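Single-structure report; data block below.
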Amino acid sequence: MLFDEIVALGYSGGVRMVRSYLATLKPKQQDDPLVRFETLPGQQMQVDWGAFKLNGQRISLFLATLGWSRYNFGQFVENEQFETLRDCHEQAFDAFSGVPSEVLYDNMRTVVQQRNAYGRGLHQFHPGLKDLAHHYTFLPRLCRPYRAKTKGKVERAIGYIRRSFFVPLVSRYQQLGQPLE
């Protein structure tokens with residue numbers, strides 16, 4: 001419509017030129033500022049699953065990242081059931097030689113059964129996770145839904161493992177004609 005109006009006024013250029021010019025007038029949307037959140041040694045561990053495909057089969061990576069040092073513990077597993085999650089926590093605590101004060105999760109069904117079940121910020125955790133947290137004396141915490149930046153340390157590590165370890169490893173074995181099992 002605007003293009004037709006300026007052509008009627010004598011404009012002889014093309015529609016792409018008009019679109020390009022109009023794009024410069026549109027205000028650019030500002031991203032939310034990225035605020036780094038640092039933790040003290042032993043304060044926080046972030047946990048997440050990463051999904052991978054190997055020989056057409058889905059495998060999962062349990063990854064635990066310490067907040068202060070960014071030290072990672074990872075374990076490839078066949079499922080994301082609670083028993084696997086519990087075993088991976090125990091292996092991570094052994095690898096870290098200790099237990100952090102709090103463990104940050106997203107909304108995994110093996111961690112939380114209902115968010116805000118008992119009021120704002122008071123969640124109904126999986127009974128097995130409550131027992132695990134009580135036994136190891138850590139506080140389970142949930143990040144905000146649909147906000148991956150909340151547990152950015154572990155999310156970034158999963159991306160790194162995917163791009164710089166897993167994909168190159170699988171492609172290398174495929175080039176050599178060897179199955180990866």
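Note on naming: chains are A, B, ... as they come in the structure tokens, residues start from 1 per chain, ligands start from 1 in the order shown.
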
> Could you name the residues that touch Met1 of chain A at 12 Å or less, counting only C-alpha atoms, but leaving out those on the same chain fewer than 2 positions away, as a ChimeraX atom specification?
Replying inline: /A:3-8,15,18-19

>> Quick one: residues within 8 Å of segment 125-128 of chain A, only C-alpha atoms, excluding same-chain residues fewer than 2 positions away - as a list of chain:residue names?
In response: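 In the requested form, the answer reads A:Phe82, A:Arg109, A:Thr110, A:Val111, A:Val112, A:Gln113, A:Gln114, A:His123, A:Lys130, A:Asp131, A:Leu132.
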
>> Would you pick out the contacts of Phe138 of chain A at 6 Å or less, using only C-alpha atoms, so that residues sharing its chain but fewer than 2 positions from it are not included, and give the list as a ChimeraX atom specification?
In response: /A:101-102,133,136

Each residue of segment 94-116 of chain A with at least one atom at most 10 Å from segment 37-58 of chain A should appear once, together with its nearest atom pair and the corresponding distance in Å (one decimal); atoms considered: only C-alpha atoms; ordering: chain, then increasing residue number; output as a tab-separated table.
residue	atom	partner	partner_atom	distance
A:Phe96	CA	A:Gly42	CA	9.8
A:Gly98	CA	A:Gly42	CA	8.2
A:Val99	CA	A:Gly42	CA	7.3
A:Pro100	CA	A:Gly42	CA	4.7
A:Ser101	CA	A:Gln43	CA	4.9
A:Glu102	CA	A:Gln44	CA	4.9
A:Val103	CA	A:Met45	CA	4.8
A:Leu104	CA	A:Gln46	CA	4.7
A:Tyr105	CA	A:Val47	CA	5.5
A:Asp106	CA	A:Asp48	CA	7.2
A:Asn107	CA	A:Asp48	CA	9.7
A:Met108	CA	A:Asp48	CA	8.5

> Near Thr84 of chain A, counting only C-alpha atoms, which residues have an atom at most 10 Å away, once you skip same-chain residues fewer than 6 positions from it, shown as an MDAnalysis selection string?
Replying inline: chainID A and resid 62 77:78 90 110

Write out, as a short mmCIF file (atom, residue, chain, number, x, y, z; two decimals), in the first residue's frame, the residues just selected, with all heavy atoms.
data_model
loop_
_atom_site.label_atom_id
_atom_site.label_comp_id
_atom_site.auth_asym_id
_atom_site.auth_seq_id
_atom_site.Cartn_x
_atom_site.Cartn_y
_atom_site.Cartn_z
N PHE A 62 23.60 -37.77 31.32
CA PHE A 62 23.40 -37.10 32.60
C PHE A 62 24.62 -36.22 32.78
O PHE A 62 25.76 -36.69 32.70
CB PHE A 62 23.32 -38.13 33.74
CG PHE A 62 23.41 -37.50 35.11
CD1 PHE A 62 22.26 -37.05 35.74
CD2 PHE A 62 24.63 -37.35 35.75
CE1 PHE A 62 22.33 -36.47 37.00
CE2 PHE A 62 24.71 -36.78 37.01
CZ PHE A 62 23.56 -36.33 37.63
N VAL A 77 23.74 -42.82 29.50
CA VAL A 77 22.85 -43.86 30.03
C VAL A 77 21.77 -44.17 28.99
O VAL A 77 21.57 -43.42 28.04
CB VAL A 77 22.20 -43.41 31.37
CG1 VAL A 77 23.25 -43.26 32.46
CG2 VAL A 77 21.42 -42.13 31.21
N GLU A 78 21.06 -45.27 29.22
CA GLU A 78 20.03 -45.71 28.28
C GLU A 78 18.66 -45.13 28.56
O GLU A 78 17.78 -45.19 27.71
CB GLU A 78 19.96 -47.23 28.26
CG GLU A 78 21.21 -47.88 27.72
CD GLU A 78 21.14 -49.40 27.74
OE1 GLU A 78 20.12 -49.96 28.17
OE2 GLU A 78 22.13 -50.01 27.32
N GLU A 90 24.79 -40.20 42.69
CA GLU A 90 25.76 -40.82 43.59
C GLU A 90 27.14 -40.87 42.96
O GLU A 90 28.15 -40.59 43.63
CB GLU A 90 25.27 -42.20 44.01
CG GLU A 90 24.05 -42.13 44.90
CD GLU A 90 23.41 -43.48 45.19
OE1 GLU A 90 23.81 -44.49 44.56
OE2 GLU A 90 22.51 -43.53 46.07
N THR A 110 11.16 -36.78 36.75
CA THR A 110 11.78 -37.59 37.80
C THR A 110 12.28 -36.73 38.96
O THR A 110 12.82 -37.26 39.92
CB THR A 110 12.96 -38.41 37.23
OG1 THR A 110 13.84 -37.51 36.55
CG2 THR A 110 12.47 -39.49 36.30
#

> Between atom CA of His89 of chain A and atom CA of Ala64 of chain A, what is the spacing in Å?
Replying inline: 8.0 Å

> Would you give me, as an NGL selection string, the residues in segment 28-180 of chain A that DSSP reads as strand (DSSP E)?
Replying inline: :A and (44-54 or 57-66 or 72-77 or 102-105 or 112-114 or 124-125 or 139-142)

>> I need the residue nearest Phe73 of chain A from this list: A:Gln91, A:Thr137, A:Ser60, A:Ser171. Use only C-alpha atoms for the distance.
In response: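 Of the candidates, the smallest distance to Phe73 of chain A is held by A:Gln91.
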
>> At a cut-off of 12 Å, using only C-alpha atoms, what residues contact Gly121 of chain A? Leave out same-chain residues fewer than 2 positions from it and give the result as a list in words.
In response: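 Counting only C-alpha atoms, the residues come to Val112, Gln114, Arg115, Asn116, Ala117, Tyr118, Gly119, His123, Gln124, Phe125, Pro140, Arg141, Leu142, Cys143 and Arg144 of chain A.
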
Based on DSSP run over this structure's backbone, return all residues of segment 58-179 of chain A in helix (DSSP H, G or I), as a short mmCIF file (atom, residue, chain, number, x, y, z; two decimals) with N, CA, C and O atoms, in the first residue's frame.
data_model
loop_
_atom_site.label_atom_id
_atom_site.label_comp_id
_atom_site.auth_asym_id
_atom_site.auth_seq_id
_atom_site.Cartn_x
_atom_site.Cartn_y
_atom_site.Cartn_z
N PHE A 82 14.02 -42.57 37.31
CA PHE A 82 14.51 -42.06 38.58
C PHE A 82 15.70 -42.86 39.11
O PHE A 82 16.66 -42.29 39.64
N GLU A 83 15.66 -44.19 38.99
CA GLU A 83 16.75 -45.01 39.50
C GLU A 83 18.07 -44.64 38.82
O GLU A 83 19.12 -44.59 39.46
N THR A 84 18.01 -44.35 37.53
CA THR A 84 19.20 -43.93 36.80
C THR A 84 19.66 -42.57 37.29
O THR A 84 20.86 -42.34 37.49
N LEU A 85 18.72 -41.66 37.48
CA LEU A 85 19.03 -40.32 37.99
C LEU A 85 19.71 -40.41 39.36
O LEU A 85 20.73 -39.76 39.61
N ARG A 86 19.17 -41.25 40.23
CA ARG A 86 19.74 -41.44 41.58
C ARG A 86 21.17 -41.98 41.48
O ARG A 86 22.09 -41.46 42.11
N ASP A 87 21.37 -43.02 40.66
CA ASP A 87 22.70 -43.61 40.52
C ASP A 87 23.70 -42.60 39.96
O ASP A 87 24.85 -42.54 40.41
N CYS A 88 23.27 -41.80 39.02
CA CYS A 88 24.15 -40.79 38.44
C CYS A 88 24.51 -39.71 39.46
O CYS A 88 25.66 -39.24 39.49
N HIS A 89 23.56 -39.32 40.30
CA HIS A 89 23.87 -38.37 41.38
C HIS A 89 24.96 -38.94 42.29
O HIS A 89 25.92 -38.24 42.64
N GLU A 90 24.79 -40.20 42.69
CA GLU A 90 25.76 -40.82 43.59
C GLU A 90 27.14 -40.87 42.96
O GLU A 90 28.15 -40.59 43.63
N GLN A 91 27.20 -41.19 41.67
CA GLN A 91 28.50 -41.22 40.97
C GLN A 91 29.09 -39.82 40.88
O GLN A 91 30.31 -39.65 41.02
N ALA A 92 28.24 -38.81 40.65
CA ALA A 92 28.73 -37.43 40.58
C ALA A 92 29.28 -36.99 41.93
O ALA A 92 30.35 -36.37 42.00
N PHE A 93 28.57 -37.30 43.01
CA PHE A 93 29.05 -36.92 44.34
C PHE A 93 30.40 -37.59 44.64
O PHE A 93 31.29 -36.99 45.24
N ASP A 94 30.56 -38.85 44.22
CA ASP A 94 31.85 -39.53 44.38
C ASP A 94 32.93 -38.83 43.56
O ASP A 94 34.04 -38.62 44.05
N ALA A 95 32.62 -38.50 42.32
CA ALA A 95 33.59 -37.83 41.45
C ALA A 95 33.99 -36.46 41.99
O ALA A 95 35.14 -36.05 41.88
N PHE A 96 33.03 -35.75 42.58
CA PHE A 96 33.29 -34.42 43.13
C PHE A 96 33.87 -34.48 44.54
O PHE A 96 34.25 -33.46 45.10
N PRO A 127 9.13 -38.40 45.35
CA PRO A 127 9.48 -38.95 46.67
C PRO A 127 10.91 -39.49 46.75
O PRO A 127 11.59 -39.32 47.75
N GLY A 128 11.35 -40.12 45.68
CA GLY A 128 12.72 -40.65 45.66
C GLY A 128 13.75 -39.54 45.71
O GLY A 128 14.80 -39.67 46.36
N LEU A 129 13.47 -38.42 45.04
CA LEU A 129 14.40 -37.30 45.06
C LEU A 129 14.43 -36.66 46.45
O LEU A 129 15.49 -36.28 46.95
N LYS A 130 13.27 -36.57 47.09
CA LYS A 130 13.23 -36.04 48.47
C LYS A 130 14.09 -36.91 49.39
O LYS A 130 14.84 -36.38 50.20
N ASP A 131 13.99 -38.22 49.25
CA ASP A 131 14.80 -39.13 50.06
C ASP A 131 16.29 -38.95 49.76
O ASP A 131 17.13 -38.93 50.67
N LEU A 132 16.62 -38.85 48.47
CA LEU A 132 18.02 -38.66 48.07
C LEU A 132 18.57 -37.36 48.64
O LEU A 132 19.67 -37.33 49.19
N ALA A 133 17.80 -36.28 48.53
CA ALA A 133 18.23 -34.97 49.04
C ALA A 133 18.39 -35.02 50.56
O ALA A 133 19.35 -34.45 51.11
N HIS A 134 17.48 -35.69 51.24
CA HIS A 134 17.57 -35.81 52.70
C HIS A 134 18.81 -36.62 53.10
O HIS A 134 19.54 -36.25 54.02
N HIS A 135 19.04 -37.73 52.40
CA HIS A 135 20.18 -38.60 52.71
C HIS A 135 21.51 -37.86 52.51
O HIS A 135 22.41 -37.97 53.34
N TYR A 136 21.63 -37.14 51.40
CA TYR A 136 22.88 -36.43 51.09
C TYR A 136 22.90 -35.00 51.59
O TYR A 136 23.86 -34.28 51.39
N ALA A 148 16.18 -21.45 29.87
CA ALA A 148 17.40 -22.26 29.93
C ALA A 148 18.56 -21.48 30.53
O ALA A 148 19.48 -22.08 31.10
N LYS A 149 18.53 -20.15 30.45
CA LYS A 149 19.63 -19.35 31.00
C LYS A 149 19.78 -19.55 32.50
O LYS A 149 20.84 -19.32 33.05
N THR A 150 18.71 -19.97 33.17
CA THR A 150 18.77 -20.14 34.62
C THR A 150 19.80 -21.19 35.00
O THR A 150 20.47 -21.07 36.01
N LYS A 151 19.94 -22.25 34.20
CA LYS A 151 20.98 -23.24 34.45
C LYS A 151 21.96 -23.25 33.28
O LYS A 151 22.31 -24.28 32.71
N GLY A 152 22.44 -22.08 32.97
CA GLY A 152 23.29 -21.91 31.80
C GLY A 152 24.61 -22.65 31.84
O GLY A 152 25.17 -22.99 30.81
N LYS A 153 25.14 -22.90 33.03
CA LYS A 153 26.44 -23.56 33.13
C LYS A 153 26.36 -24.99 32.62
O LYS A 153 27.21 -25.43 31.86
N VAL A 154 25.33 -25.72 33.01
CA VAL A 154 25.18 -27.10 32.56
C VAL A 154 24.68 -27.13 31.11
O VAL A 154 25.09 -27.99 30.33
N GLU A 155 23.82 -26.20 30.74
CA GLU A 155 23.31 -26.15 29.35
C GLU A 155 24.46 -25.91 28.37
O GLU A 155 24.54 -26.53 27.32
N ARG A 156 25.35 -25.00 28.74
CA ARG A 156 26.49 -24.69 27.87
C ARG A 156 27.41 -25.91 27.73
O ARG A 156 27.92 -26.19 26.65
N ALA A 157 27.61 -26.63 28.84
CA ALA A 157 28.47 -27.82 28.79
C ALA A 157 27.87 -28.91 27.91
O ALA A 157 28.59 -29.58 27.17
N ILE A 158 26.55 -29.08 27.97
CA ILE A 158 25.91 -30.09 27.10
C ILE A 158 26.10 -29.70 25.63
O ILE A 158 26.41 -30.54 24.80
N GLY A 159 25.93 -28.43 25.32
CA GLY A 159 26.16 -27.98 23.94
C GLY A 159 27.59 -28.22 23.49
O GLY A 159 27.84 -28.63 22.36
N TYR A 160 28.54 -27.96 24.39
CA TYR A 160 29.95 -28.18 24.06
C TYR A 160 30.21 -29.67 23.80
O TYR A 160 30.88 -30.03 22.83
N ILE A 161 29.68 -30.52 24.66
CA ILE A 161 29.88 -31.97 24.49
C ILE A 161 29.26 -32.42 23.18
O ILE A 161 29.86 -33.22 22.44
N ARG A 162 28.08 -31.90 22.85
CA ARG A 162 27.42 -32.28 21.60
C ARG A 162 28.26 -31.86 20.38
O ARG A 162 28.54 -32.66 19.50
N ARG A 163 28.66 -30.59 20.35
CA ARG A 163 29.37 -30.06 19.18
C ARG A 163 30.83 -30.50 19.08
O ARG A 163 31.33 -30.75 18.00
N SER A 164 31.52 -30.55 20.22
CA SER A 164 32.96 -30.75 20.18
C SER A 164 33.42 -32.15 20.56
O SER A 164 34.60 -32.45 20.46
N PHE A 165 32.53 -32.97 21.03
CA PHE A 165 32.91 -34.34 21.37
C PHE A 165 32.07 -35.36 20.62
O PHE A 165 32.59 -36.15 19.84
N PHE A 166 30.76 -35.33 20.85
CA PHE A 166 29.91 -36.40 20.35
C PHE A 166 29.82 -36.42 18.82
O PHE A 166 30.07 -37.45 18.20
N VAL A 167 29.47 -35.31 18.22
CA VAL A 167 29.32 -35.26 16.76
C VAL A 167 30.64 -35.58 16.06
O VAL A 167 30.67 -36.41 15.14
N PRO A 168 31.78 -34.99 16.47
CA PRO A 168 33.04 -35.37 15.82
C PRO A 168 33.41 -36.84 16.02
O PRO A 168 33.92 -37.48 15.11
N LEU A 169 33.13 -37.39 17.20
CA LEU A 169 33.44 -38.79 17.46
C LEU A 169 32.64 -39.71 16.56
O LEU A 169 33.18 -40.61 15.92
N VAL A 170 31.33 -39.48 16.49
CA VAL A 170 30.46 -40.32 15.66
C VAL A 170 30.84 -40.20 14.19
O VAL A 170 30.95 -41.20 13.48
N SER A 171 31.08 -38.98 13.72
CA SER A 171 31.43 -38.81 12.30
C SER A 171 32.78 -39.44 11.98
O SER A 171 32.98 -39.98 10.90
N ARG A 172 33.70 -39.40 12.92
CA ARG A 172 35.02 -40.03 12.71
C ARG A 172 34.86 -41.55 12.55
O ARG A 172 35.44 -42.15 11.66
N TYR A 173 34.08 -42.16 13.42
CA TYR A 173 33.86 -43.60 13.32
C TYR A 173 33.11 -43.96 12.05
O TYR A 173 33.36 -44.99 11.44
N GLN A 174 32.18 -43.10 11.61
CA GLN A 174 31.45 -43.37 10.37
C GLN A 174 32.39 -43.29 9.17
O GLN A 174 32.28 -44.09 8.23
N GLN A 175 33.35 -42.37 9.17
CA GLN A 175 34.32 -42.26 8.09
C GLN A 175 35.20 -43.50 8.01
O GLN A 175 35.59 -43.92 6.94
#

>> One decimal, in Å: what's the spacing between atom CA of Gly74 of chain A and atom CA of Leu139 of chain A?
In response: 20.9 Å

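Put simply, atom CA of Asn72 of chain A is 18.6 Å away from atom CA of Ile59 of chain A.
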